[in-house]
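Undergrad: Quick one: the structure is below, questions incoming.
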Amino acid sequence: MDQRQATLEQLVQPTIDGLGYELVRVVVSGKHRPTIQIMAERRDGKGMTVEDCEAISRALSAKLDVEDPIADSYTLEVSSPGIDRPLVKPRDYARFAGHLAKIELKSPIAGQRRFTGKIVDADETTVRIAAVAGEVTLPLAEVARAKLLLTDDLIRAAQAGQATH
């Protein structure tokens with residue numbers, strides 16, 4: 001995460017928390033007219049609605065107008081993580097144990113940067129997945145990006161509320 005994204009995360013976190021949501025991630029993309037993408041989810045485990053995104057957007061727009069963290073004009077986008085959500089924090093991996101994930105590392109381990117497998121377990125520093133070639137433990141500090149893969153099991157768990165809180 002670059003410094004601008006880290007600063008924005010620290011700036012928006014209290015507002016999102018105060019509204020009863022959990023910040024999933026902040027991404028800033030584009031150079032000439034940057035887009036600030038805020039991904040959040042409900043703390044109560046229910047699915048995000050358009051109204052939820054609008055409420056967060058209104059509150060953050062006011063906060064960002066006052067704080068002015070990006071000097072140029074920008075676009076603010078607020079969304080839910082969706083079912084095939086990104087895995088960002090260590091607790092995301094533990095929360096979705098048993099589900100299929102695709103993980104890309106910053107640097108190769110044993111010549112491999114991309115791994116796909118079921119999340120076995122995770123702690124604050126590592127995630128263990130059951131890949132085709134067997135179980136592998138990956139350092140979370142080396143994860144460049146990771147996301148859940150859409151499967152029937154994940155859809156069923158989301159519908160039952162098991163994979164959403």
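Naming works like this for the structure tokens: A, B, ... for the chains as they're shown, residue 1 at the start of each chain, ligands 1 onward in shown order.
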For stretch 36-49 of chain A, please output as JSON, numbers by chain all residues within 6 Å (counting only C-alpha atoms; exclusion window: fewer than 2 positions along the same chain).
TA: {"A": [21, 22, 23, 24, 25, 26, 27, 28, 51, 52, 76, 77, 78, 79, 80, 81, 164, 165]}
Undergrad: Among stretch 42-144 of chain A, which residues does DSSP mark as strand (DSSP E or B) when it is run on the backbone? Keep the chain and numbering as in the structure and answer as JSON, numbers by chain.
TA: {"A": [42, 75, 76, 77, 78, 79, 86, 100, 101, 102, 103, 104, 105, 106, 107, 108, 109, 112, 113, 114, 115, 116, 117, 118, 119, 120, 121, 122, 126, 127, 128, 129, 130, 131, 134, 135, 136, 137, 138, 139, 143, 144]}
Undergrad: Chain A: which residues are alpha helix (DSSP H) by DSSP, as a ChimeraX atom specification?
TA: /A:3-18,50-67,90-95,152-160
Undergrad: Generate the output file for the selected residues, N, CA and C atoms, as a compact mmCIF listing (two decimals), in the first residue's frame.
TA:
# COMPACT_ATOMS: atom_id res chain seq x y z
N GLN A 3 1.80 5.39 0.37
CA GLN A 3 1.57 6.33 1.46
C GLN A 3 0.23 7.04 1.33
N ARG A 4 -0.15 7.40 0.11
CA ARG A 4 -1.41 8.11 -0.11
C ARG A 4 -2.60 7.22 0.32
N GLN A 5 -2.55 5.95 -0.04
CA GLN A 5 -3.62 5.02 0.35
C GLN A 5 -3.64 4.82 1.87
N ALA A 6 -2.47 4.72 2.48
CA ALA A 6 -2.40 4.55 3.93
C ALA A 6 -2.97 5.78 4.64
N THR A 7 -2.66 6.96 4.15
CA THR A 7 -3.18 8.20 4.73
C THR A 7 -4.70 8.25 4.60
N LEU A 8 -5.20 7.89 3.42
CA LEU A 8 -6.65 7.89 3.21
C LEU A 8 -7.34 6.86 4.11
N GLU A 9 -6.72 5.70 4.27
CA GLU A 9 -7.29 4.67 5.13
C GLU A 9 -7.43 5.18 6.56
N GLN A 10 -6.40 5.83 7.07
CA GLN A 10 -6.44 6.38 8.43
C GLN A 10 -7.49 7.48 8.54
N LEU A 11 -7.68 8.23 7.48
CA LEU A 11 -8.64 9.33 7.47
C LEU A 11 -10.09 8.84 7.45
N VAL A 12 -10.38 7.81 6.64
CA VAL A 12 -11.77 7.36 6.48
C VAL A 12 -12.20 6.32 7.51
N GLN A 13 -11.25 5.62 8.11
CA GLN A 13 -11.56 4.54 9.06
C GLN A 13 -12.52 4.97 10.17
N PRO A 14 -12.26 6.07 10.89
CA PRO A 14 -13.17 6.45 11.98
C PRO A 14 -14.59 6.75 11.51
N THR A 15 -14.74 7.35 10.36
CA THR A 15 -16.07 7.66 9.82
C THR A 15 -16.83 6.39 9.49
N ILE A 16 -16.15 5.46 8.83
CA ILE A 16 -16.79 4.20 8.46
C ILE A 16 -17.15 3.40 9.71
N ASP A 17 -16.24 3.36 10.69
CA ASP A 17 -16.52 2.68 11.95
C ASP A 17 -17.73 3.31 12.64
N GLY A 18 -17.77 4.63 12.66
CA GLY A 18 -18.84 5.35 13.33
C GLY A 18 -20.21 5.11 12.70
N VAL A 50 -27.48 -0.42 -1.84
CA VAL A 50 -27.13 0.86 -2.47
C VAL A 50 -27.23 1.97 -1.44
N GLU A 51 -28.23 1.89 -0.56
CA GLU A 51 -28.41 2.91 0.47
C GLU A 51 -27.22 2.93 1.43
N ASP A 52 -26.68 1.76 1.76
CA ASP A 52 -25.49 1.70 2.61
C ASP A 52 -24.32 2.44 1.94
N CYS A 53 -24.11 2.14 0.66
CA CYS A 53 -23.01 2.79 -0.08
C CYS A 53 -23.23 4.29 -0.17
N GLU A 54 -24.47 4.71 -0.38
CA GLU A 54 -24.79 6.14 -0.44
C GLU A 54 -24.50 6.83 0.89
N ALA A 55 -24.87 6.19 2.00
CA ALA A 55 -24.65 6.77 3.33
C ALA A 55 -23.15 6.95 3.58
N ILE A 56 -22.37 5.94 3.24
CA ILE A 56 -20.92 6.04 3.41
C ILE A 56 -20.35 7.12 2.50
N SER A 57 -20.80 7.15 1.26
CA SER A 57 -20.32 8.14 0.30
C SER A 57 -20.60 9.57 0.77
N ARG A 58 -21.81 9.83 1.25
CA ARG A 58 -22.16 11.17 1.74
C ARG A 58 -21.26 11.57 2.90
N ALA A 59 -21.09 10.67 3.87
CA ALA A 59 -20.28 10.98 5.04
C ALA A 59 -18.82 11.19 4.66
N LEU A 60 -18.30 10.34 3.77
CA LEU A 60 -16.89 10.46 3.38
C LEU A 60 -16.66 11.68 2.50
N SER A 61 -17.61 12.02 1.65
CA SER A 61 -17.47 13.21 0.80
C SER A 61 -17.29 14.44 1.67
N ALA A 62 -18.11 14.56 2.71
CA ALA A 62 -17.99 15.71 3.61
C ALA A 62 -16.63 15.71 4.31
N LYS A 63 -16.22 14.55 4.79
CA LYS A 63 -14.93 14.45 5.50
C LYS A 63 -13.77 14.77 4.56
N LEU A 64 -13.80 14.22 3.36
CA LEU A 64 -12.71 14.45 2.40
C LEU A 64 -12.68 15.89 1.92
N ASP A 65 -13.85 16.53 1.83
CA ASP A 65 -13.88 17.95 1.43
C ASP A 65 -13.20 18.81 2.49
N VAL A 66 -13.40 18.49 3.75
CA VAL A 66 -12.79 19.26 4.84
C VAL A 66 -11.29 18.97 4.94
N GLU A 67 -10.93 17.70 4.91
CA GLU A 67 -9.53 17.29 5.10
C GLU A 67 -8.67 17.52 3.86
N PRO A 90 -5.38 -10.19 7.88
CA PRO A 90 -5.20 -11.57 8.34
C PRO A 90 -6.51 -12.24 8.76
N ARG A 91 -7.40 -11.50 9.39
CA ARG A 91 -8.66 -12.10 9.84
C ARG A 91 -9.56 -12.50 8.67
N ASP A 92 -9.37 -11.87 7.48
CA ASP A 92 -10.14 -12.27 6.30
C ASP A 92 -9.84 -13.72 5.93
N TYR A 93 -8.58 -14.09 5.99
CA TYR A 93 -8.18 -15.46 5.63
C TYR A 93 -8.78 -16.46 6.62
N ALA A 94 -8.69 -16.14 7.92
CA ALA A 94 -9.23 -17.04 8.93
C ALA A 94 -10.75 -17.14 8.81
N ARG A 95 -11.38 -16.03 8.54
CA ARG A 95 -12.85 -15.98 8.41
C ARG A 95 -13.36 -16.85 7.27
N ASP A 152 -19.83 -22.69 -5.74
CA ASP A 152 -21.16 -22.98 -5.22
C ASP A 152 -21.16 -22.98 -3.69
N ASP A 153 -20.09 -23.50 -3.08
CA ASP A 153 -20.00 -23.52 -1.62
C ASP A 153 -19.97 -22.10 -1.05
N LEU A 154 -19.24 -21.21 -1.68
CA LEU A 154 -19.16 -19.82 -1.22
C LEU A 154 -20.51 -19.14 -1.36
N ILE A 155 -21.19 -19.38 -2.48
CA ILE A 155 -22.52 -18.79 -2.69
C ILE A 155 -23.50 -19.30 -1.63
N ARG A 156 -23.47 -20.60 -1.37
CA ARG A 156 -24.36 -21.17 -0.35
C ARG A 156 -24.06 -20.58 1.04
N ALA A 157 -22.77 -20.45 1.35
CA ALA A 157 -22.38 -19.89 2.66
C ALA A 157 -22.82 -18.44 2.77
N ALA A 158 -22.68 -17.68 1.69
CA ALA A 158 -23.10 -16.27 1.70
C ALA A 158 -24.62 -16.18 1.88
N GLN A 159 -25.34 -17.03 1.20
CA GLN A 159 -26.81 -17.03 1.32
C GLN A 159 -27.25 -17.41 2.72
N ALA A 160 -26.50 -18.29 3.36
CA ALA A 160 -26.84 -18.73 4.71
C ALA A 160 -26.29 -17.77 5.76
Undergrad: What does the distance between atom CA of A:Lys89 and atom CA of A:Asp2 come to in Å, to one decimal place?
TA: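 Taking atom CA of A:Lys89 as the start and atom CA of A:Asp2 as the end point, the length is 16.0 Å.
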Undergrad: Please provide as a compact mmCIF listing (two decimals) with C-alpha atoms, in the first residue's frame all residues within 9 Å of A:Ala131, with the sequence filter that same-chain residues fewer than 5 positions apart are discarded (counting only C-alpha atoms).
TA:
# COMPACT_ATOMS: atom_id res chain seq x y z
CA PHE A 115 -1.33 -20.15 -5.72
CA THR A 116 -4.90 -21.41 -5.81
CA GLY A 117 -6.33 -23.59 -3.09
CA LYS A 118 -8.67 -23.95 -0.15
CA ILE A 119 -7.79 -21.86 2.86
CA VAL A 136 1.62 -24.69 1.44
Undergrad: For A:Asp123, which residue among A:Leu150, A:Ala97, A:Leu105, A:Ala110 is the nearest when counting only C-alpha atoms?
TA: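 The closest residue to A:Asp123 is A:Ala97.
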Undergrad: Do you have the atom CA of A:Gly82-atom CA of A:Lys31 distance handy?
TA: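 That distance, rounded to one decimal, is 26.3 Å.
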Undergrad: Between atom CA of A:Arg145 and atom CA of A:Ile109, what is the spacing in Å?
TA: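 Taking atom CA of A:Ile109 as the start and atom CA of A:Arg145 as the end point, the length is 15.0 Å.
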Undergrad: Of the candidates A:Val132, A:Asp121, A:Thr75, A:Pro69, which shows the shortest atom-to-atom distance to A:Ser29, using only C-alpha atoms?
TA: A:Thr75
Undergrad: Between A:Ala133, A:Val127, A:Val120, A:Ile70, which one has atoms that come closest to A:Ile103, using only C-alpha atoms?
TA: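 Of the candidates, the smallest distance to A:Ile103 is held by A:Val127.
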